[in-house]
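S.K.: Sending over a structure as structure tokens; questions will come in a sec.
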Amino acid sequence: MLLEKKVLVVEDNEINRAALSAILSPQYTVLEAENGLQALSVLEKYREGISLILLDIVMPIMDGYTFLTRLKADPRLEAVPVIVTTSSDSEADELAALAHGATDFLTKPYRPQVILHRAASIIRLRETSALIHQIRYDRVTGVYSKEYFCQQVRDILFRNPDVKYDILCSDIEDFKLINDTFGIAAGDRLLRQVAELCTQRLGDRGICGRLSADQFACLLEHREDYADEMFTQSDSRINGGFGNQNVVMKYGIYTVEDREVPVEQMCDRALLAAHSIKGQYGKHFALYDDKLRGTLLRRQAITDGMETALATGQFEVYLQPKYHLRDGRLAGAEALVRWNHPEWGMQPPAEFIPIFERNGFITKLDQYVWERVCALMQAWDEKGWPSVNISVNVSRMDIYNADLEDLLTGLVQRHGLSPSRLHLEITESAYTDTSRQLVETLGALRRQGFVIEMDDFGSGYSSLNMLTEMPIDVLKLDMKFIQTVITRPTGQGILRFIVDLARWMKLSVVAEGVETREQLERLQNDGCDYAQGYYFAKPMPVGAFEAILTARPSAASASPRQDGGPGRPADKILLVCDEDAEYRAQVRGTFSDRFEVLEAAGYEEALKALGDHLSETSAVLLSLTLPAGDGFRILESIQNERGASEVQSIATGPLDPELERRAMAQGAADYAVKPHSQEALRRRVLGAASIHTLQVRMRSLQDESCRDAMTGLLNRRGLYAIAESLRHASPSAVCLFELDDLKKFNERYGYVEGDHLILHFASLLRSHTRADDVLVRLGGDEFLVVMRQVRAMEDALEKGRAVCRAFCESRYADLETGACFAGTALWNAEESLDEIIRRAREAMYAAKTGGKDKCLSWKGMRI
């Protein structure tokens with residue numbers, strides 16, 4: 001009965017209603033109304049559920065013509081077909097009925113077979129028309145569907161070979177946020193406003209279709225005068241119709257040159273142009289050009305090569321160590337992936353992961369990484385190496401796999417691992433996009449024993465919301481949050497709040513992207529559990545991680561001292577240098593459970609203790625009120641002692657800002673004002689000691705090879721490793737280059753294009769230098785060349801100018817943010833590398849004040 005069609009009979013004569021009901025009822029559900037007003041009430045209840053109306057014209061209260069007028073004025077009901085029934089068979093009456101919107105006309109008396117035949121034909125015609133309408137038109141907005149839009153574009157291009165056309169595509173920034181904030185109904189209303197605006201502005205000069213979600217496409221005749229004002233006016237109208245909310249639209253334009261290109265690809269190119277300006281304030285539209293074409297070709301090349309890459313082992317698993325912040329022990333690692341392409345070289349994940357997420361290949365790659373990680377942990381267990389946990393990424397696409405639980409459970413069982421060894425990192429975007437399915441899937445995996453980590457916490461707007469629902473064990477703070485928020489004055493309170501919240505929810509907290517000591521200290525002070533980032537170690541090949549894992553003493557399982565009492569590690573000595581014997585005794589009592597405490601009452605004793613135990617000393621508690629200024633003498637000796645750079649010195653003294661300033665300037669890690677409680681002192685010393693432990697680990701790490709992972713040039717470490725030999729290979733010259741405004745370049749053109757810029761500049765250096773010159777990438781935007789056997793400054797300057805000129809002639813020079821500066825200095829054997837770099841940097845800064853693409857010598861800047 002649910003599928004039975006409903007026919008509404010509107011007739012004031014009860015006998016006629018009964019006759020029509022008798023004819024129709026075997027095949028249809030018949031509803032009745034005595035007049036037009038009553039019929040409208042029935043329609044309000046059933047709306048489009050009515051398949052056909054049989055309507056008498058002459059009725060009391062509301063006649064048939066008035067009813068037809070009301071019916072056709074309602075967009076919800078206008079498509080319902082109407083057969084007019086009347087006693088009159090005049091042509092004028094029939095024309096009047098048809099003019100008011102009737103579909104057909106029948107005269108009384110009723111002929112059952114004619115009525116049934118016409119009813120069936122009209123209902124079938126309506127259903128066919130509705131189906132065609134659904135295929136051709138978007139249900140929400142009423143504009144063309146994607147398929148019909150593409151078909152219409154093909155027809156228009158074929159019929160008008162001499163007319164030049166543009167495809168214009170629009171995209172609403174953060175549309176999902178609008179849906180989540182205001183609701184789906186409000187989002188649909190916004191879409192209808194965008195569609196209405198497009199059709200109004202196009203008129204009969206073009207067509208419009210909805211491609212997907214918040215993306216629309218228009219075909220219009222080509223024009224050369226696109227300007228921001230055209231699009232800002234459209235945005236103003238859209239915002240005005242949406243409660244003056246700040247809705248931001250981005251537009252991309254593709255000029256149709258090759259009509260053989262599929263329309264879908266034309267739209268993709270226009271959307272690529274729109275996406276290229278996402279997040280750029282004041283930029284409303286972009287034209288598809290050769291640069292974007294190169295990006296598209298690059299994406300296609302990546303897509304074409306991905307299956308072969310997986311089959312031939314081009315994808316390599318890299319591991320980034322993760323450390324306990326409490327004591328510096330190795331806690332595990334995060335598994336990442338790199339693409340070692342035979343032609344392109346090592347590709348960073350930002351180059352290919354977003355593409356794989358769009359085309360679905362990410363599921364195959366994720367499973368490859370899971371398999372490889374489990375095999376590694378099994379091999380380490382068989383060799384008796386320390387047991388660690390490894391985190392792997394689980395993407396949104398993986399969540400849709402109904403067999404995910406069986407797949408992961410079978411994987412760990414096959415490799416003889418406990419599920420808790422495999423941590424599953426779920427990005428926050430997956431939580432917001434597939435929340436219900438995710439809750440069920442992760443709940444099942446968690447019950448199996450897997451550890452669930454919420455990755456990228458703090459990167460979006462709904463993190464706190466999702467915490468109440470998600471079955472998770474670990475909260476992983478987003479690297480941008482670590483690098484920016486906690487360095488602000490208010491950031492400390494935010495971080496403490498998140499850690500306290502995690503404690504209340506019984507979650508561990510991992511901070512990723514830790515790059516500075518300041519960040520590390522704040523994380524320690526606020527109770528963060530684990531950390532990873534470049535401050536400790538970069539992502540590294542498996543072999544380099546295995547070297548850390550098996551280092552002695554093992555970072556993963558530090559063994560206790562055999563001669564220092566229970567539980568005291570061999571590399572943890574605390575030296576307390578203080579004139580007060582009672583104070584030294586208090587310190588010994590406070591720290592005897594954690595350190596071997598050595599005492600010194602003056603300069604000579606302190607130097608002897610350091611000389612005997614320097615490599616084992618984690619921290620020095622140093623009084624600055626020692627007689628004869630011995631405190632500062634000891635501090636200076638520590639700083640000058642080779643190998644003592646990781647020893648943490650905590651100065652103690654009275655409340656004296658100048659004394660504190662001098663101590664910190666001379667290298668003290670902290671200043672504790674006396675008098676102080678031993679509890680407060682313990683927190684300070686343990687914090688400093690954990691930093692020492694991490695630095696010692698880093699000193700022995702093999703993850704930082706001497707070469708920059710992206711460019712293959714030497715990195716800073718590699719430069720300093722050969723600095724002594726370079727200093728004596730004089731005469732030499734140093735040329736320092738900076739790619740100015742790289743940050744702005746990345747923001748405008750994307751980080752992938754920024755990586756291409758860096759690789760391009762490295763290639764320029766190789767082509768404009770000799771084989772025995774030393775090429776270095778010092779940092780993100782700084783490069784250095786040591787030109788050996790160069791005696792004259794003019795020769796060095798010419799080399800720098802040549803590189804700058806080559807950059808000027810490259811495709812990057814035309815971009816607004818592209819600039820290159822250089823500074824040079826001659827190097828003789830008496831000067832340190834740091835001094836030469838300082839001079840070259842001064843010259844480079846002077847070049848920057850003179851305009852783009854300049855090269856100055858250190859001497860030249862002083863003339």
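Chain lettering (A, B, ...) mirrors the order of the structure tokens, residue numbering begins at 1 for each chain separately, and ligand numbering begins at 1 in order of display.
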Quick one: residues within 8 Å of Val790 of chain A, only C-alpha atoms counted, chain neighbours fewer than 3 positions away excluded, as a PyMOL selection string?

M.R.: chain A and resi 731-733+787+793+795-796

S.K.: Write out the residues from the selection above, keeping all heavy atoms, as a CSV table (one decimal), in the first residue's frame.

M.R.:
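Generated file (again-v5.csv):
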chain,number,residue,atom,x,y,z
A,731,PRO,N,93.2,29.9,0.3
A,731,PRO,CA,92.2,30.9,0.5
A,731,PRO,C,90.8,30.4,0.0
A,731,PRO,O,90.8,29.7,-0.9
A,731,PRO,CB,92.7,32.1,-0.4
A,731,PRO,CG,93.5,31.4,-1.4
A,731,PRO,CD,94.1,30.2,-0.8
A,732,SER,N,89.8,30.9,0.7
A,732,SER,CA,88.4,30.5,0.3
A,732,SER,C,87.5,31.7,0.4
A,732,SER,O,87.9,32.7,1.1
A,732,SER,CB,87.9,29.4,1.2
A,732,SER,OG,88.6,28.2,1.0
A,733,ALA,N,86.3,31.6,-0.1
A,733,ALA,CA,85.3,32.6,0.0
A,733,ALA,C,84.0,32.0,0.4
A,733,ALA,O,83.7,30.9,-0.1
A,733,ALA,CB,85.2,33.5,-1.3
A,787,MET,N,83.6,28.6,-1.6
A,787,MET,CA,84.3,28.5,-2.9
A,787,MET,C,85.8,28.4,-2.5
A,787,MET,O,86.4,29.4,-2.0
A,787,MET,CB,84.0,29.8,-3.7
A,787,MET,CG,82.5,29.9,-4.1
A,787,MET,SD,82.1,31.5,-4.9
A,787,MET,CE,81.8,32.5,-3.5
A,793,MET,N,88.1,39.2,-3.9
A,793,MET,CA,86.7,39.4,-3.6
A,793,MET,C,85.8,39.5,-4.8
A,793,MET,O,84.7,39.1,-4.9
A,793,MET,CB,86.6,40.6,-2.7
A,793,MET,CG,85.1,41.0,-2.4
A,793,MET,SD,84.3,39.7,-1.5
A,793,MET,CE,85.0,39.9,0.2
A,795,ASP,N,86.1,38.0,-7.6
A,795,ASP,CA,85.7,36.7,-8.2
A,795,ASP,C,84.6,36.1,-7.4
A,795,ASP,O,83.6,35.5,-7.9
A,795,ASP,CB,86.9,35.8,-8.1
A,795,ASP,CG,88.0,36.2,-9.0
A,795,ASP,OD1,87.7,36.9,-10.0
A,795,ASP,OD2,89.2,35.8,-8.8
A,796,ALA,N,84.6,36.3,-6.0
A,796,ALA,CA,83.5,35.8,-5.2
A,796,ALA,C,82.2,36.5,-5.5
A,796,ALA,O,81.1,35.9,-5.6
A,796,ALA,CB,83.9,35.9,-3.7

S.K.: Fewer than 6 positions away in the same chain doesn't count, so skip those; otherwise give me all residues within 9 Å of segment 437-441 of chain A, counting only C-alpha atoms, as number ranges by chain.

M.R.: A: 396, 399-400, 402, 404-405, 430-431, 469-471

S.K.: In Å, how far is it from atom CA of Leu713 of chain A to atom CA of Tyr845 of chain A?

M.R.: 23.4 Å

S.K.: Skipping near chain neighbours, those fewer than 5 positions away, what residues fall within 12 Å of Gln524 of chain A using only C-alpha atoms, listed as a compact mmCIF listing (two decimals) with N, CA and C atoms, in the first residue's frame?

M.R.:
# COMPACT_ATOMS: atom_id res chain seq x y z
N TYR A 323 59.75 10.76 22.72
CA TYR A 323 60.45 10.65 24.00
C TYR A 323 59.54 10.95 25.18
N HIS A 324 59.85 10.26 26.31
CA HIS A 324 59.25 10.62 27.59
C HIS A 324 59.84 11.96 28.01
N LEU A 325 59.00 12.93 28.37
CA LEU A 325 59.53 14.20 28.82
C LEU A 325 60.01 14.14 30.27
N ARG A 326 59.53 13.18 31.02
CA ARG A 326 59.92 13.10 32.43
C ARG A 326 61.38 12.74 32.59
N ASP A 327 61.86 11.78 31.80
CA ASP A 327 63.23 11.33 32.01
C ASP A 327 64.03 11.19 30.71
N GLY A 328 63.44 11.56 29.57
CA GLY A 328 64.20 11.53 28.33
C GLY A 328 64.33 10.17 27.68
N GLN A 492 50.33 29.71 27.80
CA GLN A 492 50.65 28.85 28.93
C GLN A 492 49.38 28.34 29.59
N LEU A 495 47.62 25.70 27.34
CA LEU A 495 48.27 24.39 27.39
C LEU A 495 47.99 23.70 28.71
N ARG A 496 48.07 24.43 29.82
CA ARG A 496 47.79 23.82 31.12
C ARG A 496 46.36 23.30 31.18
N VAL A 499 46.16 20.00 29.21
CA VAL A 499 46.80 18.89 29.93
C VAL A 499 45.94 18.47 31.10
N VAL A 509 49.24 12.77 26.88
CA VAL A 509 49.39 13.90 25.98
C VAL A 509 50.75 13.83 25.29
N VAL A 510 50.71 13.89 23.96
CA VAL A 510 51.93 13.91 23.14
C VAL A 510 51.98 15.25 22.41
N ALA A 511 53.13 15.89 22.45
CA ALA A 511 53.33 17.13 21.70
C ALA A 511 54.22 16.84 20.50
N VAL A 514 57.95 19.88 18.27
CA VAL A 514 58.76 20.64 19.22
C VAL A 514 60.08 21.00 18.56
N ARG A 517 64.03 24.88 22.71
CA ARG A 517 64.15 24.55 24.13
C ARG A 517 63.04 25.22 24.93
N GLU A 518 62.66 26.44 24.53
CA GLU A 518 61.58 27.13 25.23
C GLU A 518 60.29 26.32 25.17
N GLN A 519 59.97 25.79 24.00
CA GLN A 519 58.77 24.96 23.88
C GLN A 519 58.87 23.73 24.77
N ASP A 529 53.29 14.55 28.60
CA ASP A 529 53.91 13.24 28.81
C ASP A 529 55.02 12.93 27.81
N TYR A 530 54.76 13.16 26.52
CA TYR A 530 55.70 12.75 25.48
C TYR A 530 55.87 13.90 24.48
N ALA A 531 56.96 13.84 23.73
CA ALA A 531 57.19 14.86 22.71
C ALA A 531 57.99 14.29 21.56
N ARG A 683 61.75 20.52 41.55
CA ARG A 683 61.09 20.68 40.26
C ARG A 683 62.04 21.32 39.24
N ARG A 684 62.78 22.33 39.67
CA ARG A 684 63.69 23.02 38.76
C ARG A 684 64.81 22.09 38.28
N LEU A 686 64.98 18.73 38.32
CA LEU A 686 64.52 17.61 37.51
C LEU A 686 64.17 18.06 36.09
N GLY A 687 63.58 19.26 35.98
CA GLY A 687 63.29 19.78 34.64
C GLY A 687 64.56 19.99 33.84
N ALA A 688 65.59 20.58 34.49
CA ALA A 688 66.86 20.80 33.79
C ALA A 688 67.53 19.47 33.44
N ALA A 689 67.45 18.50 34.34
CA ALA A 689 68.11 17.22 34.10
C ALA A 689 67.46 16.47 32.95
N SER A 690 66.14 16.59 32.82
CA SER A 690 65.49 15.89 31.71
C SER A 690 65.91 16.50 30.37
N ILE A 691 66.13 17.82 30.35
CA ILE A 691 66.65 18.46 29.13
C ILE A 691 68.04 17.92 28.82

S.K.: Determine, counting only C-alpha atoms, which protein, DNA and RNA residues have an atom within 6 Å of an atom of Gln320 of chain A; residues of the same chain fewer than 6 positions away are not included. Present the result as a PyMOL selection string.

M.R.: chain A and resi 333-334+538-539

S.K.: At what distance in Å, to one decimal, does atom CA of Thr617 of chain A lie from atom CA of Ala672 of chain A?

M.R.: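 Taking atom CA of Ala672 of chain A and atom CA of Thr617 of chain A, their separation equals 19.2 Å.
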
S.K.: Just the residues within 7 Å of segment 243-258 of chain A, please, counting only C-alpha atoms, with nothing from its chain fewer than 4 positions along; format it as a PyMOL selection string.

M.R.: chain A and resi 164-173+235+239+266+269-271+273-274+278+284-288

S.K.: Show which residues sit within 12 Å of Glu343 of chain A, as a tab-separated table (two decimals) with N, CA and C atoms, in the first residue's frame. Count only C-alpha atoms, and ignore same-chain residues fewer than 6 positions away.

M.R.:
chain	number	residue	atom	x	y	z
A	301	ALA	N	51.01	12.81	-12.98
A	301	ALA	CA	52.19	11.95	-13.00
A	301	ALA	C	52.28	11.13	-11.71
A	302	ILE	N	51.95	11.77	-10.60
A	302	ILE	CA	51.94	11.05	-9.32
A	302	ILE	C	50.90	9.95	-9.34
A	305	GLY	N	51.96	6.99	-11.47
A	305	GLY	CA	53.07	6.19	-10.98
A	305	GLY	C	52.87	5.51	-9.65
A	309	ALA	N	54.91	2.30	-8.04
A	309	ALA	CA	55.75	2.62	-6.88
A	309	ALA	C	55.51	1.65	-5.73
A	314	GLN	N	59.07	1.51	-3.88
A	314	GLN	CA	59.59	2.87	-3.86
A	314	GLN	C	59.18	3.64	-2.60

S.K.: DSSP says strand (DSSP E) for which residues of segment 389-420 of chain A? Put them as a ChimeraX atom specification?

M.R.: /A:389-394

S.K.: Choose the residue, out of A:Ile57, A:Leu742, A:Leu197, A:Ala762, that has the smallest atom-to-atom separation from Ala819 of chain A; count only C-alpha atoms.

M.R.: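 Nearest to Ala819 of chain A: A:Leu742.
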
S.K.: For the interface of segment 97-171 of chain A with segment 16-22 of chain A (cut-off 9 Å, counting only C-alpha atoms), please tabulate each contacting residue of segment 97-171 of chain A alongside its nearest pair of atoms and their separation in Å to one decimal, rows sorted by chain and increasing number, as a tab-separated table.

M.R.:
residue	atom	partner	partner_atom	distance
A:Tyr110	CA	A:Leu20	CA	7.8
A:Pro112	CA	A:Leu20	CA	8.3
A:Ile115	CA	A:Leu20	CA	8.8

S.K.: Go ahead and dump the residues you just picked, N, CA, C and O atoms, as a PDB file, in the first residue's frame.

M.R.:
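Result file is result30.pdb:
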ATOM      1  N   TYR A 110     -19.170   9.826 -17.237  1.00  0.00           N
ATOM      2  CA  TYR A 110     -17.853   9.209 -17.159  1.00  0.00           C
ATOM      3  C   TYR A 110     -17.818   7.896 -17.929  1.00  0.00           C
ATOM      4  O   TYR A 110     -18.733   7.076 -17.845  1.00  0.00           O
ATOM      5  N   PRO A 112     -15.509   4.703 -17.902  1.00  0.00           N
ATOM      6  CA  PRO A 112     -14.452   4.152 -17.041  1.00  0.00           C
ATOM      7  C   PRO A 112     -13.138   3.863 -17.768  1.00  0.00           C
ATOM      8  O   PRO A 112     -12.063   4.213 -17.270  1.00  0.00           O
ATOM      9  N   ILE A 115     -11.270   7.056 -18.618  1.00  0.00           N
ATOM     10  CA  ILE A 115     -10.705   7.697 -17.421  1.00  0.00           C
ATOM     11  C   ILE A 115      -9.456   6.955 -16.957  1.00  0.00           C
ATOM     12  O   ILE A 115      -8.413   7.556 -16.665  1.00  0.00           O
TER      13      ILE A 115
END

S.K.: Quick one: residues within 8 Å of Cys208 of chain A, only C-alpha atoms counted, chain neighbours fewer than 4 positions away excluded, as a list of chain:residue names?

M.R.: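 After dropping sequence-adjacent residues, the list is A:Val143, A:Tyr144, A:Phe149, A:Ala195, A:Cys198, A:Thr199, A:Phe216, A:Ala217, A:Cys218, A:Leu219.
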
S.K.: Export N, CA, C and O atoms of the chosen residues as a PDB file, in the first residue's frame?

M.R.:
ATOM      1  N   VAL A 143      19.592  24.363 -10.150  1.00  0.00           N
ATOM      2  CA  VAL A 143      20.423  24.552 -11.347  1.00  0.00           C
ATOM      3  C   VAL A 143      20.762  23.175 -11.925  1.00  0.00           C
ATOM      4  O   VAL A 143      20.418  22.138 -11.353  1.00  0.00           O
ATOM      5  N   TYR A 144      21.451  23.163 -13.064  1.00  0.00           N
ATOM      6  CA  TYR A 144      21.784  21.901 -13.698  1.00  0.00           C
ATOM      7  C   TYR A 144      22.605  21.009 -12.762  1.00  0.00           C
ATOM      8  O   TYR A 144      23.439  21.492 -11.991  1.00  0.00           O
ATOM      9  N   PHE A 149      24.967  19.513 -16.819  1.00  0.00           N
ATOM     10  CA  PHE A 149      25.755  20.711 -17.133  1.00  0.00           C
ATOM     11  C   PHE A 149      26.852  20.366 -18.141  1.00  0.00           C
ATOM     12  O   PHE A 149      27.042  21.067 -19.140  1.00  0.00           O
ATOM     13  N   ALA A 195      23.323  29.819  -6.152  1.00  0.00           N
ATOM     14  CA  ALA A 195      22.795  29.381  -7.450  1.00  0.00           C
ATOM     15  C   ALA A 195      21.916  30.454  -8.075  1.00  0.00           C
ATOM     16  O   ALA A 195      21.997  30.732  -9.279  1.00  0.00           O
ATOM     17  N   CYS A 198      24.070  33.236  -9.463  1.00  0.00           N
ATOM     18  CA  CYS A 198      24.734  32.827 -10.706  1.00  0.00           C
ATOM     19  C   CYS A 198      23.782  32.905 -11.891  1.00  0.00           C
ATOM     20  O   CYS A 198      24.125  33.451 -12.946  1.00  0.00           O
ATOM     21  N   THR A 199      22.591  32.372 -11.729  1.00  0.00           N
ATOM     22  CA  THR A 199      21.643  32.356 -12.850  1.00  0.00           C
ATOM     23  C   THR A 199      21.176  33.766 -13.186  1.00  0.00           C
ATOM     24  O   THR A 199      20.975  34.098 -14.365  1.00  0.00           O
ATOM     25  N   PHE A 216      30.197  25.302  -7.700  1.00  0.00           N
ATOM     26  CA  PHE A 216      29.338  25.582  -8.836  1.00  0.00           C
ATOM     27  C   PHE A 216      30.201  25.861 -10.063  1.00  0.00           C
ATOM     28  O   PHE A 216      31.354  26.294  -9.939  1.00  0.00           O
ATOM     29  N   ALA A 217      29.637  25.619 -11.240  1.00  0.00           N
ATOM     30  CA  ALA A 217      30.349  25.890 -12.490  1.00  0.00           C
ATOM     31  C   ALA A 217      29.422  26.650 -13.432  1.00  0.00           C
ATOM     32  O   ALA A 217      28.216  26.394 -13.483  1.00  0.00           O
ATOM     33  N   CYS A 218      30.000  27.592 -14.165  1.00  0.00           N
ATOM     34  CA  CYS A 218      29.245  28.356 -15.152  1.00  0.00           C
ATOM     35  C   CYS A 218      29.993  28.330 -16.482  1.00  0.00           C
ATOM     36  O   CYS A 218      31.231  28.355 -16.503  1.00  0.00           O
ATOM     37  N   LEU A 219      29.237  28.290 -17.566  1.00  0.00           N
ATOM     38  CA  LEU A 219      29.799  28.490 -18.897  1.00  0.00           C
ATOM     39  C   LEU A 219      29.318  29.845 -19.386  1.00  0.00           C
ATOM     40  O   LEU A 219      28.126  30.128 -19.378  1.00  0.00           O
TER      41      LEU A 219
END

S.K.: In segment 414-457 of chain A, what's alpha helix (DSSP H) per DSSP? Answer as a PyMOL selection string?

M.R.: chain A and resi 414+428-433+435-447

S.K.: With C-alpha atoms retained, write the just-selected residues as a tab-separated table (two decimals), in the first residue's frame.

M.R.:
chain	number	residue	atom	x	y	z
A	414	ARG	CA	50.37	-12.72	12.27
A	428	GLU	CA	40.85	15.36	13.64
A	429	SER	CA	39.30	15.79	10.19
A	430	ALA	CA	38.30	12.14	10.29
A	431	TYR	CA	36.54	12.69	13.61
A	432	THR	CA	34.43	15.54	12.30
A	433	ASP	CA	33.63	13.96	8.94
A	435	SER	CA	31.89	10.77	13.65
A	436	ARG	CA	29.27	8.05	14.13
A	437	GLN	CA	30.98	5.41	12.08
A	438	LEU	CA	34.29	6.39	13.63
A	439	VAL	CA	32.99	6.00	17.18
A	440	GLU	CA	31.81	2.48	16.44
A	441	THR	CA	34.93	1.44	14.53
A	442	LEU	CA	37.41	2.86	17.04
A	443	GLY	CA	35.43	1.51	19.95
A	444	ALA	CA	35.75	-1.98	18.48
A	445	LEU	CA	39.50	-1.55	17.85
A	446	ARG	CA	40.04	-0.20	21.35
A	447	ARG	CA	38.26	-3.21	22.83
